[in-house]
Every structure is written in C-alpha cells, then in structure tokens.
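> So here's upload_38.cif, just mmCIF, C-alpha atoms:
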```cif
data_my_file
loop_
_atom_site.label_atom_id
_atom_site.label_comp_id
_atom_site.auth_asym_id
_atom_site.auth_seq_id
_atom_site.Cartn_x
_atom_site.Cartn_y
_atom_site.Cartn_z
CA MET A 28 28.38 -187.67 -12.02
CA ARG A 29 29.54 -186.28 -15.35
CA ARG A 30 30.76 -182.74 -15.81
CA ASN A 31 27.64 -181.56 -17.66
CA ASP A 32 25.24 -183.14 -15.17
CA TYR A 33 27.15 -181.60 -12.32
CA LEU A 34 27.05 -178.10 -13.78
CA LYS A 35 23.37 -178.50 -14.70
CA GLN A 36 22.52 -179.53 -11.16
CA LEU A 37 24.39 -176.57 -9.80
CA HIS A 38 22.72 -174.22 -12.26
CA LYS A 39 19.30 -175.58 -11.46
CA HIS A 40 19.57 -175.11 -7.71
CA LEU A 41 21.15 -171.66 -7.67
CA LYS A 42 18.67 -169.01 -6.49
CA HIS A 43 18.97 -165.43 -5.23
CA VAL A 44 21.88 -164.80 -7.61
CA ASN A 45 21.60 -162.72 -10.78
CA ASP A 46 22.46 -164.12 -14.20
CA ASN A 47 25.96 -162.65 -14.23
CA GLU A 48 26.82 -164.18 -10.91
CA ARG A 49 25.32 -167.50 -11.83
CA GLN A 50 27.42 -167.60 -14.98
CA ASP A 51 30.49 -166.63 -12.97
CA ILE A 52 29.91 -169.43 -10.48
CA ILE A 53 29.28 -172.03 -13.19
CA ASN A 54 32.39 -170.88 -15.08
CA GLU A 55 34.51 -171.32 -12.00
CA TYR A 56 33.37 -174.90 -11.44
CA ASP A 57 33.69 -175.59 -15.15
CA THR A 58 37.29 -174.36 -15.08
CA HIS A 59 37.87 -176.60 -12.09
CA PHE A 60 36.72 -179.57 -14.14
CA TYR A 61 38.97 -178.46 -16.96
CA SER A 62 42.07 -178.28 -14.76
CA GLY A 63 41.26 -181.64 -13.20
CA LEU A 64 40.89 -183.29 -16.58
CA GLN A 65 44.24 -181.80 -17.61
CA GLU A 66 45.78 -183.67 -14.71
CA GLY A 67 44.31 -186.91 -15.96
CA LYS A 68 41.43 -187.22 -13.50
CA SER A 69 38.06 -188.51 -14.69
CA GLU A 70 34.95 -186.32 -14.66
CA GLU A 71 33.34 -188.58 -12.09
CA GLN A 72 36.35 -188.36 -9.81
CA ILE A 73 36.42 -184.57 -9.96
CA ALA A 74 32.68 -184.36 -9.27
CA GLU A 75 33.14 -186.67 -6.31
CA GLU A 76 35.92 -184.53 -4.88
CA LEU A 77 33.91 -181.34 -5.33
CA GLY A 78 31.02 -182.69 -3.29
CA ASN A 79 27.24 -182.60 -3.69
CA PRO A 80 26.24 -179.78 -6.11
CA LYS A 81 22.87 -179.33 -4.41
CA GLN A 82 24.49 -178.66 -1.05
CA LEU A 83 26.96 -176.27 -2.69
CA ALA A 84 24.11 -174.40 -4.35
CA ARG A 85 22.40 -174.07 -0.96
CA GLU A 86 25.50 -172.52 0.52
CA LEU A 87 25.89 -170.09 -2.34
CA ASN A 88 22.17 -169.25 -2.14
CA ALA A 89 22.36 -168.51 1.56
CA SER A 90 25.32 -166.13 1.15
CA ALA A 91 23.63 -164.38 -1.76
CA ALA A 92 20.33 -164.01 0.11
CA ILE A 93 22.05 -162.56 3.17
CA GLU A 94 23.91 -160.11 1.01
CA ARG A 95 20.71 -158.97 -0.57
CA ALA A 96 18.98 -158.58 2.79
CA GLU A 97 21.89 -156.49 3.98
CA GLN A 98 21.67 -154.11 1.06
CA SER A 99 17.92 -153.69 0.94
CA ASN A 100 15.61 -152.81 3.80
CA GLN A 101 12.74 -155.03 2.91
CA VAL A 102 11.10 -157.60 5.11
CA GLY A 103 10.75 -159.95 2.14
CA ASP A 104 14.49 -160.04 1.57
CA VAL A 105 15.20 -160.84 5.21
CA SER A 106 12.63 -163.63 5.20
CA GLN A 107 14.21 -165.08 2.09
CA ALA A 108 17.63 -164.96 3.70
CA ILE A 109 16.27 -166.70 6.79
CA LEU A 110 14.70 -169.41 4.67
CA ALA A 111 17.86 -169.87 2.62
CA VAL A 112 20.04 -170.30 5.71
CA MET A 113 17.48 -172.60 7.30
CA GLY A 114 17.69 -174.79 4.22
CA LEU A 115 21.39 -175.45 4.75
CA SER A 116 20.82 -178.35 7.12
CA ILE A 117 18.30 -179.83 9.50
CA LEU A 118 20.34 -178.65 12.45
CA ASN A 119 20.33 -175.14 11.03
CA PHE A 120 16.61 -175.32 10.58
CA PHE A 121 16.04 -175.60 14.31
CA VAL A 122 18.96 -173.45 15.37
CA ILE A 123 17.38 -170.59 13.43
CA LEU A 124 13.69 -171.30 13.79
CA ILE A 125 13.49 -171.36 17.59
CA PRO A 126 15.21 -168.07 18.49
CA PHE A 127 13.55 -166.47 15.52
CA ILE A 128 10.06 -167.39 16.70
CA ILE A 129 10.80 -166.19 20.22
CA ILE A 130 12.16 -162.84 19.11
CA LEU A 131 9.47 -162.40 16.51
CA SER A 132 6.72 -162.93 19.10
CA ILE A 133 8.34 -160.34 21.38
CA VAL A 134 8.49 -157.83 18.55
CA PHE A 135 4.91 -158.65 17.65
CA THR A 136 3.73 -158.11 21.23
CA PHE A 137 5.37 -154.70 21.24
CA ILE A 138 3.74 -153.74 17.97
CA LEU A 139 0.28 -154.84 19.11
CA THR A 140 0.59 -153.11 22.49
CA THR A 141 1.71 -149.91 20.82
CA ILE A 142 -1.17 -149.97 18.38
CA SER A 143 -3.78 -150.61 21.06
CA PHE A 144 -2.38 -147.87 23.33
CA VAL A 145 -2.19 -145.30 20.56
CA LEU A 146 -5.71 -146.15 19.45
CA SER A 147 -7.17 -146.07 22.98
CA PRO A 148 -8.67 -142.55 22.56
CA LEU A 149 -10.73 -143.98 19.71
CA ALA A 150 -12.16 -146.54 22.10
CA LEU A 151 -13.15 -143.76 24.44
CA ILE A 152 -14.88 -141.84 21.66
CA PHE A 153 -16.61 -145.06 20.69
CA LYS A 154 -17.80 -145.52 24.26
CA GLY A 155 -19.09 -141.97 24.27
CA MET A 156 -21.01 -142.47 21.09
CA VAL A 157 -22.61 -145.69 22.23
CA GLU A 158 -23.38 -144.88 25.85
CA GLY A 159 -23.64 -141.10 25.54
CA PHE A 160 -20.82 -138.70 26.34
CA GLN A 161 -22.21 -137.94 29.83
CA GLU A 162 -21.20 -141.50 30.77
CA VAL A 163 -17.53 -140.72 30.04
CA LEU A 164 -15.80 -140.10 33.34
CA MET A 165 -12.96 -137.73 34.02
CA LEU A 166 -11.01 -140.80 35.07
CA ASP A 167 -11.59 -142.43 31.67
CA ILE A 168 -10.17 -139.41 29.94
CA PHE A 169 -7.22 -139.30 32.28
CA VAL A 170 -6.42 -143.01 31.84
CA THR A 171 -6.84 -142.83 28.07
CA GLY A 172 -4.59 -139.79 27.86
CA THR A 173 -1.92 -141.61 29.83
CA MET A 174 -2.23 -144.69 27.67
CA PHE A 175 -1.96 -142.56 24.57
CA GLY A 176 1.19 -140.93 25.92
CA ILE A 177 2.74 -144.27 26.80
CA GLY A 178 1.68 -145.53 23.39
CA LEU A 179 3.62 -142.75 21.71
CA MET A 180 6.72 -143.57 23.74
CA LEU A 181 6.24 -147.25 22.98
CA PHE A 182 6.02 -146.36 19.34
CA VAL A 183 9.56 -145.03 19.40
CA ILE A 184 10.78 -148.02 21.41
CA THR A 185 9.01 -150.48 19.13
CA TYR A 186 10.48 -148.78 16.10
CA LEU A 187 13.99 -149.11 17.53
CA ILE A 188 13.42 -152.71 18.59
CA THR A 189 12.10 -153.69 15.18
CA LYS A 190 15.02 -152.03 13.47
CA GLY A 191 17.48 -153.62 15.89
CA PHE A 192 15.84 -156.97 15.32
CA TYR A 193 16.32 -156.56 11.60
CA ILE A 194 20.02 -155.73 11.90
CA LEU A 195 20.54 -158.50 14.44
CA CYS A 196 18.85 -160.97 12.14
CA VAL A 197 21.22 -160.26 9.26
CA LYS A 198 24.22 -160.35 11.59
CA TYR A 199 23.14 -163.63 13.11
CA LEU A 200 22.65 -165.20 9.69
CA LYS A 201 26.12 -164.06 8.65
CA TRP A 202 27.63 -165.46 11.80
CA ASN A 203 25.70 -168.68 11.42
CA ILE A 204 26.99 -169.19 7.91
CA GLN A 205 30.55 -168.48 9.06
CA VAL A 206 30.31 -171.13 11.74
CA MET A 207 28.38 -173.73 9.80
CA LYS A 208 30.28 -173.30 6.53
CA GLY A 209 28.49 -176.22 5.02
CA SER A 210 30.11 -179.58 4.66
CA VAL A 211 33.82 -178.91 4.50
CA GLY A 212 34.77 -182.25 5.92
CA LYS A 213 34.63 -185.52 4.15
CA MET B 15 40.63 -185.53 10.50
CA ASN B 16 37.78 -184.01 12.48
CA SER B 17 35.62 -181.99 10.08
CA GLN B 18 34.68 -179.43 12.75
CA PHE B 19 38.38 -178.62 13.14
CA LYS B 20 38.68 -178.20 9.40
CA LYS B 21 35.66 -175.91 9.23
CA GLY B 22 37.16 -173.66 11.84
CA ALA B 23 40.55 -173.41 10.17
CA LEU B 24 39.68 -173.29 6.46
CA GLU B 25 39.51 -169.50 6.21
CA LEU B 26 42.86 -169.18 7.94
CA ILE B 27 44.43 -171.79 5.67
CA VAL B 28 43.04 -170.18 2.51
CA LEU B 29 44.33 -166.74 3.50
CA LEU B 30 47.74 -168.19 4.39
CA ILE B 31 48.13 -169.86 1.01
CA ILE B 32 46.92 -166.87 -1.01
CA LYS B 33 49.14 -164.49 0.92
CA ARG B 34 52.18 -166.46 -0.19
CA ASP B 35 51.18 -166.57 -3.88
CA ASP B 36 48.08 -165.56 -5.83
CA GLN B 37 45.99 -168.65 -6.54
CA TYR B 38 43.30 -169.75 -8.94
CA GLY B 39 40.60 -172.03 -7.62
CA TYR B 40 42.04 -175.35 -8.70
CA SER B 41 45.59 -174.58 -7.56
CA LEU B 42 44.29 -173.45 -4.18
CA VAL B 43 42.35 -176.67 -3.74
CA GLN B 44 45.40 -178.73 -4.72
CA ASN B 45 47.46 -176.77 -2.23
CA ILE B 46 45.04 -177.51 0.59
CA SER B 47 44.70 -181.16 -0.26
CA ARG B 48 48.45 -181.67 0.10
CA TYR B 49 47.80 -181.93 3.83
CA MET B 50 44.08 -182.45 4.32
CA THR B 51 41.02 -183.79 2.52
CA ILE B 52 38.10 -181.42 2.12
CA ALA B 53 34.95 -181.34 0.03
CA GLU B 54 36.71 -179.30 -2.62
CA GLY B 55 33.62 -177.51 -3.89
CA THR B 56 33.17 -175.66 -0.60
CA VAL B 57 36.31 -173.63 -1.20
CA TYR B 58 34.53 -171.63 -3.91
CA PRO B 59 31.67 -170.33 -1.75
CA LEU B 60 34.28 -169.33 0.83
CA LEU B 61 36.30 -167.51 -1.82
CA ARG B 62 33.21 -165.62 -2.99
CA ARG B 63 32.48 -164.59 0.58
CA LEU B 64 36.02 -163.36 1.11
CA VAL B 65 35.90 -161.36 -2.13
CA LYS B 66 32.59 -159.76 -1.16
CA SER B 67 33.76 -158.80 2.29
CA GLY B 68 36.94 -157.27 0.82
CA GLU B 69 39.56 -159.73 2.06
CA LEU B 70 40.43 -160.87 -1.46
CA THR B 71 40.32 -159.39 -4.97
CA THR B 72 40.28 -161.22 -8.29
CA TYR B 73 41.79 -160.80 -11.72
CA TYR B 74 41.71 -162.92 -14.84
CA GLN B 75 44.78 -164.31 -16.53
CA PRO B 76 44.70 -166.28 -19.77
CA SER B 77 46.25 -169.72 -19.41
CA THR B 78 48.35 -171.32 -22.11
CA GLU B 79 45.56 -173.75 -22.87
CA GLY B 80 41.91 -173.70 -21.89
CA PRO B 81 39.75 -170.96 -20.36
CA ALA B 82 41.17 -167.88 -18.58
CA ARG B 83 41.87 -168.46 -14.92
CA LYS B 84 40.40 -166.36 -12.15
CA TYR B 85 43.17 -165.52 -9.71
CA TYR B 86 42.64 -164.54 -6.10
CA GLN B 87 44.85 -161.98 -4.43
CA ILE B 88 44.92 -160.88 -0.79
CA THR B 89 44.10 -157.24 0.09
CA ASP B 90 45.42 -155.16 2.99
CA GLN B 91 42.17 -155.83 4.78
CA GLY B 92 42.70 -159.53 4.12
CA LYS B 93 46.18 -159.34 5.65
CA GLU B 94 44.75 -157.72 8.76
CA ARG B 95 42.11 -160.40 8.97
CA LEU B 96 44.80 -163.06 8.55
CA GLN B 97 46.84 -161.51 11.38
CA LEU B 98 43.80 -161.57 13.64
CA LEU B 99 42.96 -165.17 12.78
CA LEU B 100 46.57 -166.20 13.36
CA GLU B 101 46.63 -164.67 16.82
CA GLU B 102 43.37 -166.34 17.69
CA TRP B 103 44.59 -169.66 16.36
CA ARG B 104 47.81 -169.48 18.38
CA ALA B 105 45.95 -168.62 21.56
CA PHE B 106 43.53 -171.47 20.89
CA SER B 107 46.16 -174.11 20.14
CA HIS B 108 48.23 -172.95 23.12
CA ALA B 109 45.21 -173.44 25.38
CA VAL B 110 44.58 -176.93 24.00
CA ASP B 111 48.28 -177.79 24.47
CA GLN B 112 48.04 -176.85 28.13
CA PHE B 113 45.26 -179.36 28.64
CA ILE B 114 47.22 -182.04 26.82
CA LYS B 115 50.32 -181.36 28.95
CA GLU B 116 48.33 -181.46 32.18
CA SER B 117 46.71 -184.70 31.18
CA ASP B 118 50.08 -186.24 30.23
CA SER B 119 51.79 -185.25 33.48
CA ASN B 120 49.00 -186.85 35.50
CA ALA B 121 49.07 -190.08 33.58
#
```
For the file at hand, write its structure as structure tokens.

Amino acid sequence: MRRNDYLKQLHKHLKHVNDNERQDIINEYDTHFYSGLQEGKSEEQIAEELGNPKQLARELNASAAIERAEQSNQVGDVSQAILAVMGLSILNFFVILIPFIIILSIVFTFILTTISFVLSPLALIFKGMVEGFQEVLMLDIFVTGTMFGIGLMLFVITYLITKGFYILCVKYLKWNIQVMKGSVGK
Amino acid sequence: MNSQFKKGALELIVLLIIKRDDQYGYSLVQNISRYMTIAEGTVYPLLRRLVKSGELTTYYQPSTEGPARKYYQITDQGKERLQLLLEEWRAFSHAVDQFIKESDSNA
C-alpha cells in the first residue's frame, strides 16, 4: 500500500476522535513514513511493517470511545465504547458480549422488580376502583405497604447496582484493551 | 517469537527505552525492532494511551529536515509504573525459570 492510501484508510476508519486528534494521529503516521523513506525504505515496505490500517483504527477508536465513556455519564457513550471494543476482534466480540448480557439482564431484573414494587399501591387503588373499595382487605393494604417499602429500599440498591455496573463496564473495557492490545505480533 | 509474550511485555519495553532517552515514534520503533519484530503501527496507540493516563508527556522538536518530531518523555508516574512492571516481570520470569529448572533436573 502506498503512503497516501494508507493514511486515507486510517483517516476513513477513525471514529470517536475529534478533528484535532484525528489530525494528530495522521500526522504521526505520516511522519513515520517520512522517517522510513529517509532511511531508504519504500512506501510499501513501511506500510507493511506498520500493519493493517483498519485494525489500527479500530484500536484507536476503542481507546477513544472508552475515554469518552469515562468522562461522560451517558448510557450512549458506554454503549459506543462497548461496541468499539467488541469490534476489535471476533474473540473480543464474544468475550464482551456474554458477560455483558448476563449482567445487563440482572440489572434489568432489578429495575423491573423495583418499579413493580413501588407501583404496587397503584394496583391496589385500581382494584378498589374496579371491584369497589369494600373488597379491599386489610391484608391487601398490609402486603402492598410492605411491597412499597421494599420497593423503596430496592430503589436505592438498584441505583447503586446500576451505577456500579456502569463503572465496572468502563473498567472492564480498559482492562480488556490492555490485555488484548490488538495485533502486536507478526 | 510468541506474540502473546510480546503483547504482555510491550508496555514495559516502551517505558524502558523512553526512560533511557526521549524518543520520537520512529526511533522508538527502530529501537524495539533491534531485538524483536512487531506490527510497528501498534506502538502509536500504546503511546497515546500512556500519554492519556499520564505515564508519558510529549513535546515537539523541529528536525533538520522534514516535519517536526513528536518526542515522548517519561513522567514520575511513568517511572513508578515502570518500577511496578519490572517487579512483576522479574517475579514472573523467576517463576517460569523454576519450572524450567525442575523439568531439566528430571530429564
């Protein structure tokens, strides 16, 4: 691959980085080509030694996406980071997808349980309106009150779990990228 | 050379080289490839990561010909990190040596 094609490929596949950073990255690889040419290497040879620009872009994307997820607190940024790291390799795809689905379903269960518990008094009122309030038993009220109380406690727990999950996610992605480190070997 | 080994040691190697002398990208890559072959492009993402996490800083220096070079310099935090990696590496290679010795003495 020629120098220009290489840099174009790299440019094309870089995502999650702002224009400044993109330019900085391209400049660095361009300078690398320059130094190599000075030593009498051919453009093709230098490109070959650098390795696949698409794979390099993926690595840079993944780091950039994780960094962004770390700084912001938005679900969208974390999802993007997860996708970017998953894209690094097929192995990574599964290594990330499976634990992620498991943990996500646990978090989801907590959220749903919390919502239904907290909303349980509404169900009781609904029952009263449909069947008449004389049908509402003391026991119903007691059980609903308990559920509501548990729901409030669950709310705090769910909040902490969700937040912990978020932090853990970013940490795991960082660790994953440290260990995987793309294709260093030849 | 086993690429998994290389992956594990690249950060250590990069920090070792930069601690000795500040390096620009190309010189660093040349330094590494004196002893081992790597996909040279992967050094740059690693360098960016190390800069962002505070192990390295950069400065530009004009070169006699061609574009200005971006030099990488180790920080105090980077030196601490290097110390930690070195200790871990020594413990690791010592452990592997033990297995090799055991295996040799039984042969």
> Give as JSON, numbers by chain every residue, naming chains and numbers as the document does, that has an atom within 12 Å of (48.3, -166.7, 4.2), counting all atoms listed in the file.
{"B": [23, 24, 25, 26, 27, 28, 29, 30, 31, 32, 33, 34, 35, 36, 37, 42, 45, 46, 69, 70, 86, 87, 88, 89, 90, 92, 93, 94, 95, 96, 97, 98, 99, 100]}
> Give me, please, the distance in Å between CA of Glu71 (chain A) and CA of Tyr49 (chain B), quoted to one decimal.
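So the answer is 22.5 Å.
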> Give me, as a PDB file with C-alpha atoms, keeping the file's coordinate frame, the contact residues of chain B against chain A at a cut-off of 12 Å, counting all atoms listed in the file.

```pdb
ATOM      1  CA  MET B  15      40.630-185.530  10.500  1.00  0.00           C
ATOM      2  CA  ASN B  16      37.780-184.010  12.480  1.00  0.00           C
ATOM      3  CA  SER B  17      35.620-181.990  10.080  1.00  0.00           C
ATOM      4  CA  GLN B  18      34.680-179.430  12.750  1.00  0.00           C
ATOM      5  CA  PHE B  19      38.380-178.620  13.140  1.00  0.00           C
ATOM      6  CA  LYS B  20      38.680-178.200   9.400  1.00  0.00           C
ATOM      7  CA  LYS B  21      35.660-175.910   9.230  1.00  0.00           C
ATOM      8  CA  GLY B  22      37.160-173.660  11.840  1.00  0.00           C
ATOM      9  CA  ALA B  23      40.550-173.410  10.170  1.00  0.00           C
ATOM     10  CA  LEU B  24      39.680-173.290   6.460  1.00  0.00           C
ATOM     11  CA  GLU B  25      39.510-169.500   6.210  1.00  0.00           C
ATOM     12  CA  TYR B  38      43.300-169.750  -8.940  1.00  0.00           C
ATOM     13  CA  GLY B  39      40.600-172.030  -7.620  1.00  0.00           C
ATOM     14  CA  TYR B  40      42.040-175.350  -8.700  1.00  0.00           C
ATOM     15  CA  SER B  41      45.590-174.580  -7.560  1.00  0.00           C
ATOM     16  CA  LEU B  42      44.290-173.450  -4.180  1.00  0.00           C
ATOM     17  CA  VAL B  43      42.350-176.670  -3.740  1.00  0.00           C
ATOM     18  CA  GLN B  44      45.400-178.730  -4.720  1.00  0.00           C
ATOM     19  CA  ILE B  46      45.040-177.510   0.590  1.00  0.00           C
ATOM     20  CA  SER B  47      44.700-181.160  -0.260  1.00  0.00           C
ATOM     21  CA  MET B  50      44.080-182.450   4.320  1.00  0.00           C
ATOM     22  CA  THR B  51      41.020-183.790   2.520  1.00  0.00           C
ATOM     23  CA  ILE B  52      38.100-181.420   2.120  1.00  0.00           C
ATOM     24  CA  ALA B  53      34.950-181.340   0.030  1.00  0.00           C
ATOM     25  CA  GLU B  54      36.710-179.300  -2.620  1.00  0.00           C
ATOM     26  CA  GLY B  55      33.620-177.510  -3.890  1.00  0.00           C
ATOM     27  CA  THR B  56      33.170-175.660  -0.600  1.00  0.00           C
ATOM     28  CA  VAL B  57      36.310-173.630  -1.200  1.00  0.00           C
ATOM     29  CA  TYR B  58      34.530-171.630  -3.910  1.00  0.00           C
ATOM     30  CA  PRO B  59      31.670-170.330  -1.750  1.00  0.00           C
ATOM     31  CA  LEU B  60      34.280-169.330   0.830  1.00  0.00           C
ATOM     32  CA  LEU B  61      36.300-167.510  -1.820  1.00  0.00           C
ATOM     33  CA  ARG B  62      33.210-165.620  -2.990  1.00  0.00           C
ATOM     34  CA  ARG B  63      32.480-164.590   0.580  1.00  0.00           C
ATOM     35  CA  LEU B  64      36.020-163.360   1.110  1.00  0.00           C
ATOM     36  CA  LYS B  66      32.590-159.760  -1.160  1.00  0.00           C
ATOM     37  CA  SER B  67      33.760-158.800   2.290  1.00  0.00           C
ATOM     38  CA  TYR B  74      41.710-162.920 -14.840  1.00  0.00           C
ATOM     39  CA  PRO B  76      44.700-166.280 -19.770  1.00  0.00           C
ATOM     40  CA  SER B  77      46.250-169.720 -19.410  1.00  0.00           C
ATOM     41  CA  THR B  78      48.350-171.320 -22.110  1.00  0.00           C
ATOM     42  CA  GLU B  79      45.560-173.750 -22.870  1.00  0.00           C
ATOM     43  CA  GLY B  80      41.910-173.700 -21.890  1.00  0.00           C
ATOM     44  CA  PRO B  81      39.750-170.960 -20.360  1.00  0.00           C
ATOM     45  CA  ALA B  82      41.170-167.880 -18.580  1.00  0.00           C
ATOM     46  CA  ARG B  83      41.870-168.460 -14.920  1.00  0.00           C
ATOM     47  CA  LYS B  84      40.400-166.360 -12.150  1.00  0.00           C
ATOM     48  CA  TYR B  85      43.170-165.520  -9.710  1.00  0.00           C
TER      49      TYR B  85
END
```
> Between CA of His108 (chain B) and CA of Arg48 (chain B), what is the distance in Å, rounded to a tenth?
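CA of His108 (chain B) sits 24.6 Å away from CA of Arg48 (chain B).
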> CA of Leu181 (chain A) to CA of Phe137 (chain A): how many Å, to one decimal?
7.7 Å
> For the structure provided, state which residues fall under the PyMOL selection byres ((chain A and resi 174) around 12), and present them as a list in words.
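Written out, the selection comes to Thr140, Thr141, Ile142, Ser143, Phe144, Val145, Leu146, Ser147, Pro148, Leu149, Ala150, Leu151, Asp167, Ile168, Phe169, Val170, Thr171, Gly172, Thr173, Phe175, Gly176, Ile177, Gly178, Leu179, Met180, Leu181 and Phe182 of chain A.
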> With a distance cut-off of 7 Å and all atoms listed in the file, select the neighbouring residues of region 112-119 of chain A, excluding the residue or stretch itself and same-chain residues fewer than 3 positions from it, and output the selection as a ChimeraX atom specification.
/A:85-86,89,108-109,122-123,200
> A:Ser69, A:Thr185, A:Gln161, A:Asn203: which is nearest Ile133 (chain A), counting all atoms listed in the file?
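Comparing A:Ser69, A:Thr185, A:Gln161, A:Asn203 against Ile133 (chain A), the winner is A:Thr185.
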> Evaluate the PyMOL selection byres ((chain A and resi 131) around 12) here and jot the selected residues down as an MDAnalysis selection string.
chainID A and resid 106 123:130 132:138 188:189 191:193 195:196
